[in-house]
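Comments concern the structure below.
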Amino acid sequence: MNYVISLFREIVGKRKLIWDLSRADFRKRFVGSYFGIVWMFIQPMVTVLIYFFVFQIGLKSVPPVPGVPYVLWLIPGIVPWFFFSEALNNLTGCLQEYHYLVKKVVFRVEILPVIKLISCLLVHGFFLLIMVLVFLCYGKKPEGSWLQMVYYTFAASVLALGIGYLTCAVNVFFKDMAQIVSICLQFGMWLTPIMYHESLFGNEMPWVIPVLKLNPFYYIATGYRDSMLTGSWFWERPRLTLYYWAVTVAVGLVGLKVFKRLRPHFSDVL
């Protein structure tokens, strides 16, 4: 706990440096690109369109929420997944990317994953804005529950950061970790009811639903949809909320412990 508290103080104390490095990391992604920031949206937009045509146009899936078009049900589930998967991929390789800072004795490397996370949050902010605009274009009126997305974004950030500390530390010594993370994210997307609703298994395989809820990201995807579609609040799911934070805190503590153990050897390997 002393290590966690000291890290928190370090982040607060160097918040200006972290913010400046995060903005620089955000801008660096599009250096030399003709279309620049536009590329940030193209792949996610194409992904949403593909799932829309496959599930609503092709398979004619019935919208899980009555009176809500499938695309409005899909977007709140897939937008946080874009953020989480991008954050975890970037966090995993952050120590290699900033190896010149890792070798500096005066620089505390624990803040590098935080820098990457904030950079991904800047991208996520644009997607949240687009999602809100899509809902407004469909005639949905703003509700107070929409503000709850801030809470679920924070929750997803803590989970990504906890896993990221573990994966980035291991990736220094085991270069295949980045590929393993990428494969796990592909499985994770289908193990989370993002494109489909869990009621799909209700009649023939009811045991699948409790298994799906063991996935921590189920809480995030459901929370975004609660915020945007049903108006439900997170305290209306007390058991799921407690489970999510118990798992997230445990993962975070394990990630920090592994990071702390391996940190003295980073500069030797990098």
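Going through the structure tokens in order, the chains are called A, B, and so on, while each chain numbers its residues from 1 and the ligands are numbered from 1 in the order shown.
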
Exercise. Near A:Glu198, counting only C-alpha atoms, which residues have an atom at most 9 Å away, once you skip same-chain residues fewer than 2 positions from it, shown as a PyMOL selection string?
Worked result: chain A and resi 192-193+196+200-202+208-209+212

Would you tabulate, counting only C-alpha atoms, all residues of stretch 56-136 of chain A that have an atom at most 9 Å from an atom of stretch 170-190 of chain A, showing the closest pair of atoms and their distance in Å to one decimal, sorted by chain then ascending number, as CSV?
```
residue,atom,partner,partner_atom,distance
A:Ile78,CA,A:Met189,CA,8.8
A:Trp81,CA,A:Met189,CA,7.5
A:Ser85,CA,A:Leu185,CA,6.5
A:Leu88,CA,A:Val181,CA,7.8
A:Asn89,CA,A:Ser182,CA,6.9
A:Thr92,CA,A:Ala178,CA,6.2
A:Gly93,CA,A:Ala178,CA,7.0
A:Leu95,CA,A:Val172,CA,7.2
A:Gln96,CA,A:Val172,CA,7.0
```

Write out as CSV the residues of stretch 69-109 of chain A that have any atom within 9 Å of an atom of stretch 129-144 of chain A, one row each with the nearest atom pair and its distance in Å to one decimal, counting only C-alpha atoms, sorted by chain and then rising number.
```
residue,atom,partner,partner_atom,distance
A:Leu72,CA,A:Phe135,CA,7.0
A:Ile75,CA,A:Met131,CA,6.9
A:Pro76,CA,A:Met131,CA,7.4
A:Val79,CA,A:Met131,CA,8.0
```

Same residues, N, CA and C atoms, output as a PDB file, in the first residue's frame:
```
ATOM      1  N   LEU A  72     -28.048   1.934 -32.336  1.00  0.00           N
ATOM      2  CA  LEU A  72     -27.977   2.682 -31.074  1.00  0.00           C
ATOM      3  C   LEU A  72     -27.694   1.758 -29.895  1.00  0.00           C
ATOM      4  N   ILE A  75     -23.542   0.809 -30.508  1.00  0.00           N
ATOM      5  CA  ILE A  75     -22.499   1.820 -30.299  1.00  0.00           C
ATOM      6  C   ILE A  75     -22.082   1.955 -28.835  1.00  0.00           C
ATOM      7  N   PRO A  76     -23.003   2.045 -27.857  1.00  0.00           N
ATOM      8  CA  PRO A  76     -22.546   2.180 -26.464  1.00  0.00           C
ATOM      9  C   PRO A  76     -21.789   0.970 -25.939  1.00  0.00           C
ATOM     10  N   VAL A  79     -18.014   1.239 -28.279  1.00  0.00           N
ATOM     11  CA  VAL A  79     -17.146   2.400 -28.063  1.00  0.00           C
ATOM     12  C   VAL A  79     -16.214   2.198 -26.868  1.00  0.00           C
TER      13      VAL A  79
END
```

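Proximity of A:Tyr219, A:Tyr51, A:Trp73, A:Phe84 to A:Ile118, computed with only C-alpha atoms, is greatest for A:Phe84.
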
Exercise. A:Ile194: which residues within 7 Å, counting only C-alpha atoms, same-chain residues fewer than 3 positions away excluded, as a count of residues only?
Worked result: 4

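Nearest-residue note for A:Trp19: choosing from A:Arg263, A:Lys116, A:Lys257, A:Arg239, the minimum distance belongs to A:Lys116, counting only C-alpha atoms.
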
Problem set entry | A:Tyr243 environment, 10 Å, only C-alpha atoms, sequence neighbours closer than 4 positions dropped, as a VMD selection string | chain A and resid 213 to 214 216 219 238 to 239 247 to 248

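Closest approach to A:Val114 from the set A:Leu91, A:Met45, A:Ala246, A:Val102 is made by A:Leu91, with distances taken over only C-alpha atoms.
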
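Put simply, atom CA of A:Thr230 is 12.0 Å away from atom CA of A:Gln148.
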
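Distances from A:Ile220, A:Thr167, A:Cys120, A:Glu97 to A:Tyr151 were compared using only C-alpha atoms, and the smallest one belongs to A:Ile220.
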
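Residues lying within 12 Å of stretch 8-15 of chain A, counting only C-alpha atoms and ignoring same-chain neighbours fewer than 3 positions away, are Met1, Asn2, Tyr3, Val4, Ile5, Ile18, Trp19, Asp20, Leu21, Ser22, Phe107, Arg108, Val109, Glu110, Ile111, Leu112, Pro113, Val114, Ile115 and Ile118 of chain A.
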
Problem set entry | Residues flagged alpha helix (DSSP H) by DSSP in stretch 29-208 of chain A, as an MDAnalysis selection string | chainID A and resid 39:51 70:92 94:97 99:102 111:137 149:173 177:191 208

Save the residues we just selected, C-alpha atoms, as a JSON list (two decimals), in the first residue's frame?
```json
[["chain", "number", "residue", "atom", "x", "y", "z"],
["A", 39, "TRP", "CA", -7.43, 7.82, -39.53],
["A", 40, "MET", "CA", -8.23, 7.53, -35.86],
["A", 41, "PHE", "CA", -11.93, 7.23, -36.70],
["A", 42, "ILE", "CA", -11.91, 5.31, -39.98],
["A", 43, "GLN", "CA", -11.28, 1.77, -38.71],
["A", 44, "PRO", "CA", -13.76, 1.98, -35.78],
["A", 45, "MET", "CA", -16.40, 3.51, -38.04],
["A", 46, "VAL", "CA", -15.90, 0.77, -40.62],
["A", 47, "THR", "CA", -16.14, -1.85, -37.86],
["A", 48, "VAL", "CA", -19.46, -0.42, -36.63],
["A", 49, "LEU", "CA", -20.82, -0.34, -40.18],
["A", 50, "ILE", "CA", -19.80, -3.96, -40.81],
["A", 51, "TYR", "CA", -21.54, -5.20, -37.66],
["A", 70, "TYR", "CA", -29.76, -1.94, -33.35],
["A", 71, "VAL", "CA", -27.08, 0.64, -34.18],
["A", 72, "LEU", "CA", -27.98, 2.68, -31.07],
["A", 73, "TRP", "CA", -27.71, -0.48, -28.99],
["A", 74, "LEU", "CA", -24.39, -1.47, -30.60],
["A", 75, "ILE", "CA", -22.50, 1.82, -30.30],
["A", 76, "PRO", "CA", -22.55, 2.18, -26.46],
["A", 77, "GLY", "CA", -21.18, -1.35, -26.17],
["A", 78, "ILE", "CA", -18.46, -1.12, -28.78],
["A", 79, "VAL", "CA", -17.15, 2.40, -28.06],
["A", 80, "PRO", "CA", -15.76, 1.51, -24.61],
["A", 81, "TRP", "CA", -14.29, -1.67, -26.09],
["A", 82, "PHE", "CA", -12.39, 0.40, -28.68],
["A", 83, "PHE", "CA", -10.95, 2.44, -25.81],
["A", 84, "PHE", "CA", -10.09, -0.55, -23.63],
["A", 85, "SER", "CA", -8.45, -2.58, -26.40],
["A", 86, "GLU", "CA", -6.46, 0.39, -27.71],
["A", 87, "ALA", "CA", -5.35, 1.32, -24.19],
["A", 88, "LEU", "CA", -4.23, -2.21, -23.32],
["A", 89, "ASN", "CA", -2.32, -2.63, -26.60],
["A", 90, "ASN", "CA", -0.57, 0.71, -26.12],
["A", 91, "LEU", "CA", 0.17, 0.12, -22.46],
["A", 92, "THR", "CA", 1.75, -3.25, -23.21],
["A", 94, "CYS", "CA", 4.93, 1.58, -23.66],
["A", 95, "LEU", "CA", 8.24, 0.67, -21.97],
["A", 96, "GLN", "CA", 9.85, -0.28, -25.29],
["A", 97, "GLU", "CA", 8.49, 2.84, -26.96],
["A", 99, "HIS", "CA", 13.02, 3.07, -23.54],
["A", 100, "TYR", "CA", 15.13, 6.25, -23.47],
["A", 101, "LEU", "CA", 13.11, 7.48, -20.47],
["A", 102, "VAL", "CA", 13.28, 4.09, -18.74],
["A", 111, "ILE", "CA", 4.07, 7.06, -14.93],
["A", 112, "LEU", "CA", 4.66, 5.86, -18.51],
["A", 113, "PRO", "CA", 1.54, 3.63, -18.54],
["A", 114, "VAL", "CA", -0.44, 6.58, -17.16],
["A", 115, "ILE", "CA", 0.80, 8.77, -20.02],
["A", 116, "LYS", "CA", -0.33, 6.19, -22.57],
["A", 117, "LEU", "CA", -3.69, 5.81, -20.86],
["A", 118, "ILE", "CA", -4.39, 9.56, -20.92],
["A", 119, "SER", "CA", -3.43, 9.67, -24.60],
["A", 120, "CYS", "CA", -6.02, 6.95, -25.28],
["A", 121, "LEU", "CA", -8.56, 8.84, -23.17],
["A", 122, "LEU", "CA", -8.19, 11.83, -25.49],
["A", 123, "VAL", "CA", -9.17, 9.60, -28.40],
["A", 124, "HIS", "CA", -12.02, 8.12, -26.38],
["A", 125, "GLY", "CA", -13.34, 11.60, -25.70],
["A", 126, "PHE", "CA", -13.83, 12.16, -29.43],
["A", 127, "PHE", "CA", -15.71, 8.88, -29.74],
["A", 128, "LEU", "CA", -17.97, 9.76, -26.83],
["A", 129, "LEU", "CA", -18.80, 13.03, -28.58],
["A", 130, "ILE", "CA", -19.59, 11.20, -31.81],
["A", 131, "MET", "CA", -21.77, 8.71, -29.93],
["A", 132, "VAL", "CA", -23.76, 11.52, -28.33],
["A", 133, "LEU", "CA", -24.20, 13.22, -31.73],
["A", 134, "VAL", "CA", -25.48, 9.95, -33.25],
["A", 135, "PHE", "CA", -28.04, 9.63, -30.45],
["A", 136, "LEU", "CA", -29.14, 13.23, -30.94],
["A", 137, "CYS", "CA", -29.48, 12.65, -34.69],
["A", 149, "MET", "CA", -20.31, 7.54, -18.74],
["A", 150, "VAL", "CA", -17.61, 9.48, -16.89],
["A", 151, "TYR", "CA", -17.80, 6.92, -14.07],
["A", 152, "TYR", "CA", -17.70, 3.93, -16.42],
["A", 153, "THR", "CA", -14.81, 5.47, -18.37],
["A", 154, "PHE", "CA", -12.92, 5.82, -15.10],
["A", 155, "ALA", "CA", -13.75, 2.21, -14.20],
["A", 156, "ALA", "CA", -12.49, 0.95, -17.57],
["A", 157, "SER", "CA", -9.35, 3.07, -17.21],
["A", 158, "VAL", "CA", -8.50, 1.56, -13.82],
["A", 159, "LEU", "CA", -8.95, -1.97, -15.19],
["A", 160, "ALA", "CA", -6.83, -1.25, -18.28],
["A", 161, "LEU", "CA", -4.12, 0.37, -16.16],
["A", 162, "GLY", "CA", -4.00, -2.54, -13.72],
["A", 163, "ILE", "CA", -3.65, -5.11, -16.50],
["A", 164, "GLY", "CA", -1.29, -2.78, -18.38],
["A", 165, "TYR", "CA", 1.21, -2.61, -15.52],
["A", 166, "LEU", "CA", 1.43, -6.39, -15.62],
["A", 167, "THR", "CA", 1.66, -6.80, -19.39],
["A", 168, "CYS", "CA", 4.12, -3.96, -20.02],
["A", 169, "ALA", "CA", 6.50, -5.26, -17.33],
["A", 170, "VAL", "CA", 6.41, -8.82, -18.67],
["A", 171, "ASN", "CA", 6.69, -7.61, -22.27],
["A", 172, "VAL", "CA", 10.17, -6.23, -21.58],
["A", 173, "PHE", "CA", 11.45, -9.77, -21.00],
["A", 177, "MET", "CA", 3.32, -10.73, -24.61],
["A", 178, "ALA", "CA", 2.09, -8.08, -27.07],
["A", 179, "GLN", "CA", 0.82, -10.77, -29.46],
["A", 180, "ILE", "CA", -0.79, -12.69, -26.59],
["A", 181, "VAL", "CA", -2.60, -9.54, -25.46],
["A", 182, "SER", "CA", -3.83, -8.90, -28.99],
["A", 183, "ILE", "CA", -5.20, -12.45, -29.30],
["A", 184, "CYS", "CA", -6.83, -12.29, -25.86],
["A", 185, "LEU", "CA", -8.54, -9.04, -26.84],
["A", 186, "GLN", "CA", -9.97, -10.71, -29.95],
["A", 187, "PHE", "CA", -11.43, -13.46, -27.78],
["A", 188, "GLY", "CA", -12.53, -10.92, -25.17],
["A", 189, "MET", "CA", -14.60, -9.00, -27.67],
["A", 190, "TRP", "CA", -16.71, -12.08, -28.39],
["A", 191, "LEU", "CA", -16.79, -13.19, -24.76],
["A", 208, "VAL", "CA", -23.75, -19.10, -20.21]]
```

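Straight-line separation from atom CA of A:Met195 to atom CA of A:Phe52: 9.0 Å.
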